[in-house]
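One structure is given below, encoded as structure tokens.
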2 protein chains.
Amino acid sequence: MAPDRLEQQIRFILEIDALKGVLRRSYVLAGDRPENSAEHSWHVAVMAVLLAEHANEPVDTSRVVRMLLVHDIVEVDAGDTYVYDATGSAGKAEREKRAADRLFGLLPEDQGREFRALWEELETGRTAEARFAGALDRLTPVLHNAHTAGRSWREHGITADRVIARNSAISKGSMALWEYARSLIEGAVAKGHLAPAGT
Amino acid sequence: MAPDRLEQQIRFILEIDALKGVLRRSYVLAGDRPENSAEHSWHVAVMAVLLAEHANEPVDTSRVVRMLLVHDIVEVDAGDTYVYDATGSAGKAEREKRAADRLFGLLPEDQGREFRALWEELETGRTAEARFAGALDRLTPVLHNAHTAGRSWREHGITADRVIARNSAISKGSMALWEYARSLIEGAVAKGHLAPAGT
């Protein structure tokens with residue numbers, strides 16, 4: 001083993017520690033602070049293991065898990081972009097591409113290529129694994145909002161039509177999870193935790 | 001799909017959100033706060049993907065990853081036990097067994113059995129995957145201490161002989177990573193970040 005190969009791997013591992021400091025808009029369920037992208041990545045990877053049976057198509061669960069472990073690493077440089085923030089979303093693709101170049105470029109070339117491919121696969125949603133991983137990634141804020149009285153939806157003035165427009169793509173990965181998410185969204189509207197469309 | 005199966009899975013997923021609030025003794029590298037067990041689990045799972053080539057024996061990486069995603073879930077009930085805390089370690093096994101009964105018992109029976117088996121496998125270290133996963137889990141605090149000037153070692157008055165005694169089991173999973181860890185430990189002593197034996 002070339003020692004510099006291990007050094008490159010460790011350098012990357014140390015660098016991505018910063019994902020623990022990238023804050024999302026969702027709150028942890030204990031409610032005392034926003035969730036960060038590293039702990040979110042763990043949570044959604046566990047969800048992949050448990051919920052794979054609900055995917056529309058058979059999926060290679062271990063690839064879904066890898067995709068989810070890697071999917072937010074670009075945020076170390078690019079930050080988390082709130083999905084309902086049109087201004088932030090405008091430059092997102094370019095910011096994240098530059099981040100991918102730098103961060104995955106720290107790795108040995110074969111592993112940098114593998115991680116980048118996993119990240120791009122999820123972004124483009126071209127495979128069954130990517131569609132299912134994307135469904136889980138969208139499901140998490142719905143779950144968190146449904147169990148924190150719609151806290152981040154309310155803080156950002158998000159209405160039900162926008163939540164549905166954003167999250168209907170869950171159905172591409174899992175009809176069962178989309179039906180479940182829709183029932184949570186309807187429940188949140190009924191409880192007054194999410195403003196109805198046009199309000 | 002029985003709807004109560006999905007409900008059981010979601011119930012578990014919501015319950016383990018609390019792992020984001022279980023604090024370890026190590027600090028995030030930014031240094032502003034202790035690391036929690038959820039973000040640690042993400043970090044060490046990514047390490048498994050990148051470092052599998054350094055395992056002593058060939059390992060099924062996806063099983064190592066699953067083991068590491070699951071390995072700290074019992075801490076939701078049992079809390080994190082500092083490895084150098086002899087008093088806390090005394091009741092650890094029983095606390096964690098009760099936690100496993102309750103938490104994995106929330107899942108559909110087949111998945112509860114699978115998660116429990118993954119957790120027990122890592123605890124007992126009987127397979128190549130468990131030995132490698134255990135090596136990575138031990139490596140992380142050495143890495144974190146080496147890059148935070150030995151902060152948690154110094155706070156708890158840990159000496160080099162104890163660090164070596166605790167971490168030499170890394171060699172059972174990966175000689176290459178143990179050599180690397182030993183060089184970090186020696187470097188920390190040389191820099192005055194870790195007290196030598198018998199001090």
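How things are named: the first chain in the structure tokens is A, the next is B, and so on; residues count from 1 in each chain; ligands count from 1 in the order shown.
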Surrounding residues of segment 43-58 of chain B excluding itself and chain neighbours under 2 positions, 6 Å, only C-alpha atoms, as a PyMOL selection string
chain B and resi 40-41+65+68+173-174
Wanna dump the chain A-chain B contacts at 7 Å for me, each residue with its shortest atom pair and the distance in Å to one decimal, counting only C-alpha atoms, ordered by chain and number, as JSON lines?
{"residue": "A:Gln9", "atom": "CA", "partner": "B:Leu50", "partner_atom": "CA", "distance": 6.8}
{"residue": "A:Ile13", "atom": "CA", "partner": "B:Met47", "partner_atom": "CA", "distance": 6.9}
{"residue": "A:Asp17", "atom": "CA", "partner": "B:Leu29", "partner_atom": "CA", "distance": 6.5}
{"residue": "A:Ala18", "atom": "CA", "partner": "B:Ala30", "partner_atom": "CA", "distance": 7.0}
{"residue": "A:Lys20", "atom": "CA", "partner": "B:Glu39", "partner_atom": "CA", "distance": 6.6}
{"residue": "A:Val28", "atom": "CA", "partner": "B:Asp17", "partner_atom": "CA", "distance": 6.9}
{"residue": "A:Leu29", "atom": "CA", "partner": "B:Asp17", "partner_atom": "CA", "distance": 6.5}
{"residue": "A:Ala30", "atom": "CA", "partner": "B:Ala18", "partner_atom": "CA", "distance": 7.0}
{"residue": "A:Ala38", "atom": "CA", "partner": "B:Glu39", "partner_atom": "CA", "distance": 5.1}
{"residue": "A:Glu39", "atom": "CA", "partner": "B:Glu39", "partner_atom": "CA", "distance": 4.2}
{"residue": "A:Ser41", "atom": "CA", "partner": "B:Trp42", "partner_atom": "CA", "distance": 6.5}
{"residue": "A:Trp42", "atom": "CA", "partner": "B:Trp42", "partner_atom": "CA", "distance": 4.6}
{"residue": "A:Val46", "atom": "CA", "partner": "B:Leu69", "partner_atom": "CA", "distance": 6.5}
{"residue": "A:Met47", "atom": "CA", "partner": "B:Ile13", "partner_atom": "CA", "distance": 6.9}
{"residue": "A:Leu50", "atom": "CA", "partner": "B:Gln9", "partner_atom": "CA", "distance": 6.8}
{"residue": "A:Ser62", "atom": "CA", "partner": "B:Ser62", "partner_atom": "CA", "distance": 5.7}
{"residue": "A:Leu69", "atom": "CA", "partner": "B:Val46", "partner_atom": "CA", "distance": 6.5}
I'd like the contact shell of segment 159-163 of chain B - 8 Å cut-off, only C-alpha atoms, skipping same-chain residues fewer than 3 positions apart - returned as a list in words.
Trp153, Arg166, Asn167, Ile185, Val189, Leu194, Ala195, Pro196, Ala197, Gly198 and Thr199 of chain B
Same residues, C-alpha atoms, output as a compact mmCIF listing (two decimals), in the first residue's frame:
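Result file is out.txt:
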# COMPACT_ATOMS: atom_id res chain seq x y z
CA TRP B 153 -7.24 12.97 26.18
CA ARG B 166 -7.27 0.52 24.34
CA ASN B 167 -6.45 0.89 20.67
CA ILE B 185 -0.14 8.56 19.19
CA VAL B 189 3.33 12.45 22.86
CA LEU B 194 -0.67 13.29 25.21
CA ALA B 195 1.05 12.53 28.52
CA PRO B 196 3.55 9.65 28.39
CA ALA B 197 2.99 6.44 30.36
CA GLY B 198 3.21 6.66 34.14
CA THR B 199 2.63 10.40 34.39
Considering only strand (DSSP E or B) as DSSP defines it on the backbone, what residues of segment 6-195 of chain A qualify? List them as a short mmCIF file (atom, residue, chain, number, x, y, z; two decimals) with all heavy atoms, in the first residue's frame.
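Result file selection.cif:
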data_model
loop_
_atom_site.label_atom_id
_atom_site.label_comp_id
_atom_site.auth_asym_id
_atom_site.auth_seq_id
_atom_site.Cartn_x
_atom_site.Cartn_y
_atom_site.Cartn_z
N LEU A 23 -25.55 23.45 8.76
CA LEU A 23 -26.90 23.34 9.34
C LEU A 23 -27.98 23.34 8.26
O LEU A 23 -27.91 24.08 7.29
CB LEU A 23 -27.15 24.48 10.32
CG LEU A 23 -26.18 24.52 11.51
CD1 LEU A 23 -26.61 25.59 12.49
CD2 LEU A 23 -26.10 23.16 12.21
N ARG A 24 -28.98 22.50 8.48
CA ARG A 24 -30.15 22.42 7.62
C ARG A 24 -31.27 23.28 8.20
O ARG A 24 -31.14 23.81 9.30
CB ARG A 24 -30.60 20.96 7.52
CG ARG A 24 -29.59 20.08 6.82
CD ARG A 24 -29.80 18.61 7.11
NE ARG A 24 -31.14 18.15 6.81
CZ ARG A 24 -31.59 17.78 5.60
NH1 ARG A 24 -30.77 17.80 4.58
NH2 ARG A 24 -32.84 17.38 5.44
N ARG A 25 -32.39 23.38 7.50
CA ARG A 25 -33.52 24.15 8.02
C ARG A 25 -34.35 23.32 8.99
O ARG A 25 -35.03 23.87 9.86
CB ARG A 25 -34.41 24.66 6.88
CG ARG A 25 -33.76 25.64 5.94
CD ARG A 25 -33.02 26.76 6.65
NE ARG A 25 -32.63 27.84 5.74
CZ ARG A 25 -31.62 27.80 4.89
NH1 ARG A 25 -30.84 26.72 4.82
NH2 ARG A 25 -31.33 28.83 4.11
N SER A 26 -34.31 21.99 8.86
CA SER A 26 -35.09 21.13 9.75
C SER A 26 -34.47 21.10 11.15
O SER A 26 -33.26 21.28 11.30
CB SER A 26 -35.10 19.68 9.23
OG SER A 26 -35.70 19.62 7.97
N TYR A 27 -35.30 20.83 12.13
CA TYR A 27 -34.83 20.69 13.51
C TYR A 27 -34.71 19.21 13.89
O TYR A 27 -35.45 18.37 13.37
CB TYR A 27 -35.82 21.38 14.46
CG TYR A 27 -35.75 22.88 14.34
CD1 TYR A 27 -36.46 23.55 13.36
CD2 TYR A 27 -34.92 23.60 15.19
CE1 TYR A 27 -36.37 24.94 13.22
CE2 TYR A 27 -34.82 24.98 15.06
CZ TYR A 27 -35.54 25.64 14.07
OH TYR A 27 -35.43 26.99 13.93
N PRO A 34 -31.16 23.17 15.07
CA PRO A 34 -31.31 22.65 13.72
C PRO A 34 -30.43 21.40 13.55
O PRO A 34 -29.43 21.25 14.24
CB PRO A 34 -30.79 23.77 12.82
CG PRO A 34 -30.59 24.96 13.70
CD PRO A 34 -30.45 24.46 15.10
N GLU A 35 -30.84 20.57 12.66
CA GLU A 35 -30.10 19.35 12.33
C GLU A 35 -28.92 19.72 11.42
O GLU A 35 -29.01 20.66 10.64
CB GLU A 35 -31.10 18.49 11.55
CG GLU A 35 -30.62 17.15 11.14
CD GLU A 35 -31.67 16.44 10.28
OE1 GLU A 35 -32.28 17.08 9.39
OE2 GLU A 35 -31.85 15.25 10.49
N ASN A 36 -27.82 18.98 11.54
CA ASN A 36 -26.73 19.21 10.59
C ASN A 36 -26.71 18.10 9.52
O ASN A 36 -27.34 17.06 9.68
CB ASN A 36 -25.38 19.37 11.30
CG ASN A 36 -24.88 18.08 11.92
OD1 ASN A 36 -24.70 17.09 11.23
ND2 ASN A 36 -24.65 18.10 13.24
N THR A 159 -46.20 26.96 2.11
CA THR A 159 -47.59 26.50 2.04
C THR A 159 -47.65 25.07 1.49
O THR A 159 -46.71 24.58 0.86
CB THR A 159 -48.42 27.44 1.16
OG1 THR A 159 -47.70 27.63 -0.08
CG2 THR A 159 -48.64 28.79 1.83
N ALA A 195 -49.67 25.84 6.36
CA ALA A 195 -50.69 26.70 5.76
C ALA A 195 -51.18 26.08 4.46
O ALA A 195 -50.38 25.54 3.69
CB ALA A 195 -50.11 28.08 5.50
#
How would you write, as a compact mmCIF listing (two decimals) with C-alpha atoms, in the first residue's frame, the set of residues in chain B that DSSP gives as helix (DSSP H, G or I)?
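Just written: selection06.txt:
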# COMPACT_ATOMS: atom_id res chain seq x y z
CA PRO B 3 -49.47 -0.51 6.77
CA ASP B 4 -48.48 -1.31 10.33
CA ARG B 5 -45.13 -2.59 9.06
CA LEU B 6 -44.33 0.85 7.64
CA GLU B 7 -45.67 2.44 10.84
CA GLN B 8 -43.31 0.30 12.92
CA GLN B 9 -40.36 1.25 10.73
CA ILE B 10 -41.20 4.96 10.92
CA ARG B 11 -41.68 4.75 14.68
CA PHE B 12 -38.13 3.36 15.00
CA ILE B 13 -36.75 5.98 12.59
CA LEU B 14 -38.27 8.76 14.69
CA GLU B 15 -37.06 7.21 17.93
CA ILE B 16 -33.42 6.99 16.84
CA ASP B 17 -33.39 10.70 15.99
CA ALA B 18 -32.39 11.06 19.65
CA LEU B 19 -28.92 9.69 18.80
CA LYS B 20 -28.22 13.22 17.50
CA GLY B 21 -28.38 14.35 21.12
CA SER B 37 -23.06 9.68 18.10
CA ALA B 38 -25.24 10.15 14.97
CA GLU B 39 -22.72 12.28 13.08
CA HIS B 40 -19.93 9.99 14.32
CA SER B 41 -21.82 7.03 12.85
CA TRP B 42 -22.00 8.77 9.47
CA HIS B 43 -18.31 9.63 9.56
CA VAL B 44 -17.15 6.13 10.43
CA ALA B 45 -19.47 4.60 7.78
CA VAL B 46 -17.85 6.80 5.11
CA MET B 47 -14.46 5.70 6.46
CA ALA B 48 -15.49 2.07 5.95
CA VAL B 49 -16.19 2.71 2.27
CA LEU B 50 -12.86 4.46 1.76
CA LEU B 51 -10.56 2.34 3.93
CA ALA B 52 -11.84 -1.21 3.31
CA GLU B 53 -8.75 -1.93 1.23
CA HIS B 54 -6.65 -1.67 4.42
CA THR B 61 -17.86 -3.52 2.85
CA SER B 62 -21.63 -3.12 2.75
CA ARG B 63 -21.94 -5.26 5.89
CA VAL B 64 -19.25 -3.20 7.61
CA VAL B 65 -21.18 -0.05 6.69
CA ARG B 66 -24.46 -1.44 8.03
CA MET B 67 -22.79 -2.53 11.24
CA LEU B 68 -21.41 0.97 11.76
CA LEU B 69 -24.73 2.65 10.95
CA VAL B 70 -26.37 0.52 13.65
CA GLU B 75 -26.93 4.73 23.10
CA VAL B 76 -30.35 6.35 22.55
CA ASP B 77 -31.30 4.67 25.84
CA ALA B 78 -27.94 3.66 27.30
CA ALA B 86 -14.12 2.07 34.45
CA THR B 87 -17.19 2.84 36.60
CA GLY B 88 -19.42 3.60 33.61
CA SER B 89 -18.10 0.59 31.74
CA ALA B 90 -19.12 -1.73 34.59
CA LYS B 92 -22.50 -0.88 30.17
CA ALA B 93 -23.29 -4.36 28.86
CA GLU B 94 -26.50 -4.66 30.83
CA ARG B 95 -27.64 -1.09 30.02
CA GLU B 96 -27.03 -1.66 26.34
CA LYS B 97 -28.77 -5.04 26.32
CA ARG B 98 -31.91 -3.47 27.78
CA ALA B 99 -31.66 -0.66 25.22
CA ALA B 100 -31.33 -3.18 22.39
CA ASP B 101 -34.41 -5.07 23.64
CA ARG B 102 -36.53 -1.94 23.63
CA LEU B 103 -35.22 -0.18 20.52
CA PHE B 104 -34.81 -3.10 18.14
CA GLU B 109 -39.50 -8.74 13.90
CA ASP B 110 -37.24 -9.70 10.95
CA GLN B 111 -35.59 -6.28 10.86
CA GLY B 112 -35.26 -6.09 14.63
CA ARG B 113 -33.43 -9.41 14.51
CA GLU B 114 -31.17 -8.18 11.66
CA PHE B 115 -30.21 -4.95 13.47
CA ARG B 116 -29.62 -6.74 16.72
CA ALA B 117 -27.42 -9.32 15.00
CA LEU B 118 -25.35 -6.53 13.38
CA TRP B 119 -24.91 -4.81 16.74
CA GLU B 120 -23.95 -8.04 18.52
CA GLU B 121 -21.57 -9.03 15.74
CA LEU B 122 -19.59 -5.82 16.17
CA GLU B 123 -19.62 -6.16 19.97
CA THR B 124 -18.24 -9.71 19.88
CA ALA B 128 -13.58 -10.09 9.73
CA GLU B 129 -16.24 -7.41 9.16
CA ALA B 130 -16.70 -6.89 12.90
CA ARG B 131 -12.95 -6.65 13.52
CA PHE B 132 -12.55 -4.09 10.76
CA ALA B 133 -15.60 -2.08 11.87
CA GLY B 134 -14.22 -2.14 15.42
CA ALA B 135 -10.85 -0.90 14.15
CA LEU B 136 -12.50 2.08 12.43
CA ASP B 137 -14.59 2.88 15.49
CA ARG B 138 -11.43 2.97 17.62
CA LEU B 139 -9.47 4.94 15.03
CA THR B 140 -11.90 7.88 15.04
CA PRO B 141 -11.08 9.27 18.53
CA VAL B 142 -7.36 8.87 17.84
CA LEU B 143 -7.80 10.89 14.64
CA HIS B 144 -9.92 13.51 16.40
CA ASN B 145 -7.50 13.85 19.30
CA ALA B 146 -4.50 14.01 16.99
CA ARG B 151 -8.16 17.79 23.68
CA SER B 152 -10.30 14.97 25.06
CA TRP B 153 -7.24 12.97 26.18
CA ARG B 154 -5.97 15.98 28.13
CA GLU B 155 -9.38 16.83 29.60
CA ALA B 160 -0.25 7.16 26.22
CA ASP B 161 -0.09 3.64 27.69
CA ARG B 162 -3.87 3.64 28.16
CA VAL B 163 -4.43 4.92 24.63
CA ILE B 164 -2.20 2.17 23.30
CA ALA B 165 -3.81 -0.53 25.47
CA ARG B 166 -7.27 0.52 24.34
CA ASN B 167 -6.45 0.89 20.67
CA ILE B 170 -7.16 -1.84 15.80
CA SER B 171 -4.45 -4.26 14.63
CA LYS B 172 -6.95 -7.13 14.67
CA GLY B 173 -8.91 -5.39 11.92
CA MET B 175 -2.38 -3.66 10.71
CA ALA B 176 -2.00 -0.70 8.33
CA LEU B 177 -4.44 1.44 10.30
CA TRP B 178 -2.89 0.40 13.62
CA GLU B 179 0.55 1.48 12.38
CA TYR B 180 -0.98 4.76 11.30
CA ALA B 181 -2.74 5.22 14.66
CA ARG B 182 0.47 4.40 16.53
CA SER B 183 2.34 7.06 14.57
CA LEU B 184 -0.38 9.58 15.53
CA ILE B 185 -0.14 8.56 19.19
CA GLU B 186 3.67 8.87 19.16
CA GLY B 187 3.37 12.22 17.42
CA ALA B 188 0.92 13.44 20.07
CA VAL B 189 3.33 12.45 22.86
CA ALA B 190 6.22 14.20 21.06
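Counting only C-alpha atoms and comparing B:Gly31, B:Leu106, B:Ser168, B:Val22, the residue that lies closest to Asp72 of chain B is B:Val22.
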So what do you get for atom CA of Ile158 of chain B versus atom CA of His193 of chain B, distance-wise?
10.4 Å
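One distance worth recording is that between atom CA of Lys191 of chain B and atom CA of Ala149 of chain B, which is 8.4 Å.
Interatomic distance, atom CA of Asp85 of chain B against atom CA of His156 of chain B: 9.4 Å.
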